[in-house]
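Student: You'll find start30.txt just under this line, and it carries compact mmCIF, C-alpha atoms.
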```
# COMPACT_ATOMS: atom_id res chain seq x y z
CA MET A 1 122.35 21.30 -9.00
CA LYS A 2 118.70 21.39 -8.00
CA ASP A 3 117.79 21.82 -4.33
CA LYS A 4 116.05 18.96 -2.58
CA LEU A 5 112.84 19.28 -0.53
CA LEU A 6 111.37 16.66 1.80
CA PHE A 7 107.69 16.25 2.70
CA ILE A 8 106.82 14.08 5.69
CA THR A 9 103.20 12.99 5.24
CA ASP A 10 100.74 10.19 5.80
CA THR A 11 100.84 7.29 3.36
CA TYR A 12 99.48 8.00 -0.12
CA LYS A 13 96.44 5.80 0.50
CA ASP A 14 95.51 8.04 3.44
CA LEU A 15 95.80 11.26 1.43
CA ASN A 16 92.96 12.66 -0.66
CA LEU A 17 94.87 13.48 -3.82
CA GLU A 18 92.10 15.77 -5.06
CA LYS A 19 91.95 17.88 -1.91
CA ASP A 20 95.09 17.44 0.17
CA THR A 21 97.17 20.58 0.68
CA SER A 22 100.36 18.52 0.97
CA ILE A 23 99.86 17.27 -2.59
CA LEU A 24 99.33 20.86 -3.76
CA MET A 25 102.60 21.78 -2.02
CA ILE A 26 104.39 18.93 -3.80
CA GLU A 27 102.95 20.09 -7.14
CA GLU A 28 104.15 23.64 -6.49
CA ALA A 29 107.61 22.43 -5.46
CA LEU A 30 107.94 20.45 -8.70
CA LYS A 31 106.76 23.50 -10.64
CA ASN A 32 109.53 25.50 -8.96
CA ASN A 33 112.13 23.00 -10.21
CA PHE A 34 112.98 21.40 -6.86
CA LEU A 35 113.89 17.75 -6.44
CA VAL A 36 110.99 16.59 -4.29
CA TYR A 37 111.09 13.68 -1.84
CA GLN A 38 108.48 12.18 0.46
CA CYS A 39 108.60 9.92 3.48
CA GLU A 40 106.50 8.85 6.46
CA LEU A 41 107.24 8.98 10.18
CA ASN A 42 108.67 5.48 10.33
CA ASP A 43 111.12 6.35 7.54
CA LEU A 44 113.08 8.67 9.85
CA PHE A 45 116.09 7.14 11.59
CA LEU A 46 119.30 8.01 13.42
CA ASP A 47 122.70 6.59 12.46
CA GLN A 48 126.01 7.71 13.96
CA HIS A 49 124.45 10.86 15.46
CA ARG A 50 122.95 11.94 12.13
CA VAL A 51 119.24 11.99 11.26
CA TYR A 52 118.19 10.46 7.95
CA ALA A 53 115.04 9.88 5.96
CA GLN A 54 114.44 6.82 3.83
CA ALA A 55 112.69 8.89 1.18
CA ARG A 56 111.29 8.34 -2.30
CA GLU A 57 111.71 10.92 -5.02
CA ILE A 58 108.44 12.27 -6.44
CA ILE A 59 108.70 12.66 -10.19
CA ALA A 60 105.09 13.74 -10.82
CA ALA A 61 102.09 14.73 -8.69
CA GLY A 62 98.50 15.70 -9.39
CA VAL A 63 94.93 15.19 -8.35
CA THR A 64 94.75 11.70 -9.88
CA GLN A 65 98.07 10.09 -9.02
CA VAL A 66 101.52 10.54 -7.52
CA GLU A 67 104.50 8.95 -9.25
CA SER A 68 107.67 8.14 -7.34
CA ILE A 69 110.81 6.04 -7.56
CA LEU A 70 112.54 3.75 -5.07
CA LYS A 71 113.52 5.03 -1.64
CA GLU A 72 117.02 6.10 -0.72
CA ASP A 73 118.63 7.17 2.54
CA ILE A 74 119.28 10.93 2.67
CA SER A 75 120.52 13.01 5.60
CA ILE A 76 117.83 15.52 6.63
CA ASN A 77 120.31 18.40 6.49
CA HIS A 78 120.88 17.70 2.78
CA PHE A 79 117.38 18.98 2.03
CA LYS A 80 116.99 22.71 1.59
CA TYR A 81 113.69 22.50 3.48
CA THR A 82 111.80 19.73 5.23
CA PHE A 83 108.04 20.11 5.62
CA MET A 84 106.42 18.24 8.51
CA ARG A 85 102.92 17.57 7.17
CA LYS A 86 101.80 14.47 9.07
CA ASP A 87 98.18 14.65 10.21
CA PRO A 88 97.29 14.30 13.91
CA PRO A 89 96.97 12.64 16.33
CA VAL A 90 100.19 13.93 17.82
CA ASP A 91 100.87 10.62 19.50
CA GLU A 92 104.04 8.90 20.75
CA ASN A 93 105.29 8.16 17.22
CA TYR A 94 104.64 11.75 16.17
CA ILE A 95 106.49 13.16 19.18
CA ASN A 96 109.44 10.81 18.60
CA ALA A 97 109.66 12.04 15.00
CA LEU A 98 109.64 15.65 16.24
CA HIS A 99 112.53 14.83 18.57
CA LEU A 100 114.54 13.48 15.62
CA LEU A 101 113.68 16.52 13.49
CA GLY A 102 114.69 18.81 16.33
CA LEU A 103 118.06 17.05 16.43
CA ALA A 104 118.32 17.41 12.64
CA GLU A 105 117.88 21.17 13.08
CA THR A 106 121.02 21.27 15.22
CA GLN A 107 122.80 19.63 12.26
CA GLY A 108 121.71 22.40 9.89
CA ALA A 109 118.29 21.21 8.70
CA LYS A 110 115.48 23.73 8.15
CA VAL A 111 112.14 22.23 9.17
CA PHE A 112 108.70 23.81 8.79
CA ASN A 113 106.76 24.05 10.93
CA LYS A 114 109.38 24.09 13.67
CA PRO A 115 109.37 20.75 15.55
CA ASN A 116 109.72 22.31 19.00
CA SER A 117 106.75 24.60 18.31
CA ILE A 118 104.57 21.68 17.26
CA LYS A 119 105.57 19.95 20.50
CA GLU A 120 104.88 23.10 22.52
CA PHE A 121 101.40 23.87 21.20
CA ASN A 122 98.48 21.46 21.17
CA GLU A 123 96.20 22.68 18.38
CA LYS A 124 93.09 22.64 20.55
CA ILE A 125 94.82 24.50 23.40
CA PHE A 126 96.94 26.92 21.34
CA SER A 127 94.04 29.33 20.81
CA ILE A 128 93.73 29.86 24.57
CA HIS A 129 96.91 31.93 24.39
CA PHE A 130 94.65 34.52 22.73
CA LYS A 131 91.98 34.74 25.41
CA ASP A 132 90.41 37.91 24.01
CA PHE A 133 89.39 36.09 20.83
CA ILE A 134 88.08 32.72 22.04
CA PRO A 135 84.68 31.46 23.22
CA ARG A 136 84.29 30.40 26.84
CA THR A 137 86.48 27.33 27.16
CA PHE A 138 86.99 24.66 29.79
CA ILE A 139 89.44 21.74 29.79
CA THR A 140 88.99 18.87 32.20
CA SER A 141 88.32 15.15 32.54
CA ASN A 142 86.08 15.65 35.59
CA LEU A 143 82.38 15.00 34.96
CA SER A 144 81.06 17.19 37.76
CA LYS A 145 83.13 20.13 36.53
CA ILE A 146 81.74 19.65 33.01
CA GLU A 147 78.23 19.68 34.46
CA ASP A 148 79.00 22.80 36.50
CA PHE A 149 80.34 24.56 33.41
CA HIS A 150 77.24 23.62 31.42
CA ASN A 151 74.89 24.73 34.19
CA GLU A 152 76.72 28.03 34.58
CA LEU A 153 76.46 28.76 30.86
CA GLU A 154 72.80 27.78 30.64
CA GLU A 155 73.49 27.23 26.94
CA PRO A 156 74.52 24.29 24.75
CA ILE A 157 78.14 23.19 24.86
CA VAL A 158 80.50 21.53 22.41
CA VAL A 159 82.86 18.80 23.59
CA LYS A 160 85.84 17.45 21.64
CA PRO A 161 89.09 15.52 22.22
CA LEU A 162 92.42 17.29 22.44
CA ASP A 163 93.93 15.23 19.62
CA GLY A 164 91.09 15.08 17.08
CA MET A 165 90.81 16.45 13.55
CA GLY A 166 88.33 16.69 10.71
CA GLY A 167 85.28 16.97 12.97
CA LYS A 168 85.77 13.54 14.51
CA SER A 169 84.30 12.96 17.97
CA ILE A 170 82.86 16.47 18.30
CA PHE A 171 79.48 16.63 20.03
CA MET A 172 77.02 19.40 20.80
CA MET A 173 75.10 18.92 24.04
CA GLU A 174 72.02 20.90 24.96
CA GLU A 175 71.53 18.76 28.07
CA ILE A 176 73.65 16.21 29.90
CA ASN A 177 71.57 13.10 30.34
CA GLU A 178 72.13 9.37 30.02
CA GLU A 179 73.31 9.38 26.41
CA GLU A 180 75.60 12.36 27.01
CA TYR A 181 77.11 10.63 30.05
CA LYS A 182 78.07 7.70 27.83
CA ILE A 183 79.71 10.03 25.31
CA LEU A 184 81.62 11.91 27.99
CA LYS A 185 82.78 8.69 29.62
CA ARG A 186 84.12 7.46 26.27
CA LEU A 187 85.75 10.77 25.27
CA THR A 188 87.49 11.10 28.64
CA ASN A 189 88.60 7.46 28.72
CA ASN A 190 86.54 6.79 31.83
CA TYR A 191 87.19 10.33 33.18
CA LYS A 192 90.98 10.08 32.98
CA THR A 193 91.72 11.98 29.75
CA GLN A 194 91.14 15.72 29.48
CA ILE A 195 88.85 17.09 26.78
CA VAL A 196 87.83 20.54 25.54
CA ILE A 197 84.43 21.96 26.47
CA GLN A 198 83.32 25.21 24.84
CA GLU A 199 80.21 27.29 24.57
CA PHE A 200 78.28 26.45 21.41
CA LEU A 201 78.46 29.22 18.80
CA PRO A 202 75.26 29.48 16.71
CA ASP A 203 77.28 31.42 14.10
CA ILE A 204 78.59 28.00 13.01
CA TYR A 205 75.56 27.71 10.72
CA ASP A 206 76.95 30.66 8.71
CA GLY A 207 80.27 28.84 8.41
CA ASP A 208 83.38 27.74 10.23
CA PHE A 209 85.98 29.90 8.46
CA ARG A 210 89.46 28.62 7.72
CA VAL A 211 91.93 31.49 7.49
CA LEU A 212 95.38 30.52 6.22
CA ILE A 213 98.29 32.33 7.87
CA ILE A 214 101.21 32.40 5.40
CA HIS A 215 104.54 33.75 6.65
CA GLY A 216 102.66 35.57 9.40
CA LYS A 217 100.05 37.21 7.14
CA PRO A 218 96.37 36.21 6.80
CA TYR A 219 95.61 35.13 3.23
CA LYS A 220 93.05 37.32 1.44
CA LYS A 221 90.70 34.44 0.63
CA THR A 222 89.11 32.22 3.26
CA LEU A 223 87.10 29.02 3.11
CA ALA A 224 83.71 29.05 4.83
CA ARG A 225 82.89 25.47 5.78
CA ILE A 226 79.13 25.40 6.11
CA PRO A 227 77.26 22.60 7.93
CA GLN A 228 74.84 20.57 5.85
CA GLY A 229 71.79 18.41 6.48
CA GLY A 230 71.02 19.56 10.00
CA SER A 231 74.55 18.92 11.29
CA PHE A 232 76.41 21.57 13.29
CA LYS A 233 79.80 20.44 11.91
CA GLY A 234 81.32 22.55 9.17
CA ASN A 235 84.41 20.39 8.67
CA LEU A 236 84.70 19.24 5.06
CA ALA A 237 85.61 15.75 6.27
CA ALA A 238 82.36 15.74 8.25
CA GLY A 239 80.20 16.70 5.27
CA GLY A 240 80.45 20.49 5.38
CA LYS A 241 80.26 22.53 2.16
CA GLY A 242 83.22 24.76 1.35
CA GLU A 243 82.67 28.24 -0.08
CA VAL A 244 85.49 30.71 -0.75
CA ARG A 245 84.96 34.19 0.67
CA ASP A 246 86.99 37.39 0.95
CA ILE A 247 88.57 37.75 4.36
CA SER A 248 86.56 39.96 6.71
CA ASP A 249 87.91 42.81 8.82
CA VAL A 250 87.44 40.75 12.00
CA GLN A 251 89.22 37.75 10.53
CA MET A 252 92.05 39.96 9.30
CA ARG A 253 92.45 41.53 12.74
CA ILE A 254 92.52 38.19 14.55
CA GLY A 255 94.76 36.60 11.93
CA SER A 256 97.27 39.45 12.00
CA VAL A 257 97.73 39.22 15.77
CA ILE A 258 98.15 35.45 15.64
CA GLY A 259 100.40 35.62 12.57
CA GLU A 260 102.84 37.93 14.31
CA TYR A 261 103.08 35.48 17.21
CA LEU A 262 103.44 32.45 14.91
CA MET A 263 106.45 33.94 13.14
CA LYS A 264 108.22 34.33 16.48
CA LYS A 265 107.80 30.56 16.84
CA ASP A 266 109.00 29.73 13.29
CA ILE A 267 105.53 28.63 12.20
CA ASN A 268 105.24 29.95 8.66
CA PHE A 269 102.15 28.05 7.51
CA ALA A 270 99.08 27.70 9.72
CA GLY A 271 95.32 27.59 9.53
CA ILE A 272 93.11 29.28 12.09
CA ASP A 273 89.42 28.55 12.51
CA ILE A 274 86.99 31.38 13.22
CA ILE A 275 83.26 31.10 13.93
CA GLY A 276 81.52 34.47 13.93
CA GLU A 277 84.00 36.66 15.76
CA LYS A 278 85.53 33.86 17.84
CA LEU A 279 88.75 31.96 17.33
CA THR A 280 88.29 28.23 17.96
CA GLU A 281 91.52 26.52 16.81
CA ILE A 282 95.03 27.17 15.49
CA ASN A 283 96.21 24.37 13.21
CA ILE A 284 99.97 24.01 12.78
CA THR A 285 100.55 20.32 12.01
CA SER A 286 99.09 19.93 8.51
CA PRO A 287 96.71 22.84 7.76
CA THR A 288 94.37 22.22 4.85
CA CYS A 289 91.88 24.05 2.56
CA ALA A 290 94.44 25.59 0.18
CA ARG A 291 93.26 23.38 -2.68
CA GLU A 292 89.63 24.41 -2.24
CA ILE A 293 90.59 28.09 -2.19
CA PHE A 294 92.65 27.64 -5.36
CA GLU A 295 89.95 25.70 -7.23
CA GLN A 296 87.17 28.18 -6.45
CA SER A 297 89.06 31.48 -6.71
CA GLY A 298 91.94 30.77 -9.07
CA MET A 299 94.26 32.19 -6.39
CA ASN A 300 96.85 29.74 -5.13
CA PRO A 301 97.92 30.24 -1.49
CA ILE A 302 100.74 27.73 -1.91
CA GLU A 303 102.23 29.71 -4.79
CA ASP A 304 102.43 32.69 -2.47
CA TYR A 305 103.93 30.49 0.27
CA PHE A 306 106.76 29.27 -1.96
CA LYS A 307 107.50 32.76 -3.28
CA LYS A 308 108.39 33.90 0.24
CA LEU A 309 110.34 30.86 1.45
```
In structure tokens, how does this file's structure come out?
Tutor:
Amino acid sequence: MKDKLLFITDTYKDLNLEKDTSILMIEEALKNNFLVYQCELNDLFLDQHRVYAQAREIIAAGVTQVESILKEDISINHFKYTFMRKDPPVDENYINALHLLGLAETQGAKVFNKPNSIKEFNEKIFSIHFKDFIPRTFITSNLSKIEDFHNELEEPIVVKPLDGMGGKSIFMMEEINEEEYKILKRLTNNYKTQIVIQEFLPDIYDGDFRVLIIHGKPYKKTLARIPQGGSFKGNLAAGGKGEVRDISDVQMRIGSVIGEYLMKKDINFAGIDIIGEKLTEINITSPTCAREIFEQSGMNPIEDYFKKL
């Protein structure tokens, strides 16, 4: 009998079928002769101490469409592997789903990435565990402390929310004046919600590099996401241009250190972001860019991922 796999994702209408790494994973799973199922967060439920998913079987997947059949209730521990691939924000519903998946693990389920590790590490804060690699970083909701940090640097800063993705709500500030005050007030929810403040890295204009960490090892091809049209944002979702490059010695060194740590936390698929020689983020919820690497280089990171599962 074929083994079953479960992918927990956003709804199909919220996935970019041409680019989404989760779809590439589903394609690879089908190619490897698994029975593939998909569900969303609200399809998880608990009944008589057992965690289930109301999941639909995927019978075909590609860059133009995904074909599935009606949902059925399946205990999470009946899947060989469950892949948690829901995009941020890691909000209340996300955390509740992680609690259920953590309980499913005690019933024999194998979940990647590990639910407790996703709960433990905020993607914007995770990189701070590797202080030797990161730019100068400050986290606060206090306006005067943000101003003090900016004045001390005497350089532009970048501000971003702790739960953002895809370049949303990221701002570069050379000065903090009236317009910047409005932005900071909104980002901090009237100075009550903490945000990330970092030194601006001019190397961003050469690319924000996504390095995939697969089973603890940096993948040999990276994706340089290069800002376009005067923007400082390299994120593809924010208009950046993706170019595949060979991994550099610096990226390999940083990725190897982080990969070793990730494996201790049962995180076998991650994406780290490197600007110049500085680590800016560690993405463990639903890392992307595998499709772009595959399309431009002919080398499929997800094929390598499945080989070593």
Student: List every protein, DNA or RNA residue that has an atom no more than 6 Å from (111.5, 19.4, 14.7) in the file's coordinate frame, counting all atoms listed in the file, and report them as a PyMOL selection string.
Tutor: chain A and resi 98+101-102+114-116
Student: Considering all atoms listed in the file, state which residue in the set A:Thr193, A:Phe209, A:Ile26, A:Ser68 is at the smallest distance from Ile247 (chain A).
Tutor: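 Under the stated criterion, the closest residue is A:Phe209.
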Student: Need the neighbours of (102.5, 28.1, -0.6): which residues are at most 9 Å away, counting all atoms listed in the file, as a list in words?
Tutor: Leu24, Met25, Glu28, Ile214, Phe269, Ala290, Asn300, Pro301, Ile302, Glu303, Asp304, Tyr305, Phe306, Lys307, Lys308 and Leu309 of chain A
Student: Kindly give the distance, in Å, that separates CA of Lys131 (chain A) and CA of Glu281 (chain A), rounded to a single decimal.
Tutor: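 Going from CA of Lys131 (chain A) over to CA of Glu281 (chain A) covers 11.9 Å.
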Student: My list of candidates is A:Thr222, A:Asn151, A:Gln65, A:Gln107. Which is closest to Met299 (chain A) when distances are computed with all atoms listed in the file?
Tutor: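 For Met299 (chain A), the nearest of the candidates is A:Thr222.
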Student: I'd like the contact shell of Glu260 (chain A) - 9 Å cut-off, all atoms listed in the file, skipping same-chain residues fewer than 5 positions apart - returned as a ChimeraX atom specification.
Tutor: /A:215-217,255
Student: Residues near Gln194 (chain A), anyone? I mean within 6 Å using only C-alpha atoms, not counting same-chain ones fewer than 4 positions away, as a PyMOL selection string.
Tutor: chain A and resi 140-141+188
Student: Nearest residue to Lys31 (chain A) out of A:Leu162, A:Ala224, A:Cys289, A:Ile59, using all atoms listed in the file?
Tutor: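 Distance minimum relative to Lys31 (chain A) lands on A:Ile59.
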Student: Would you compute the distance between CA of Ile176 (chain A) and CA of Lys160 (chain A)? Give it in Å to one decimal.
Tutor: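 CA of Lys160 (chain A) lies 14.8 Å from CA of Ile176 (chain A).
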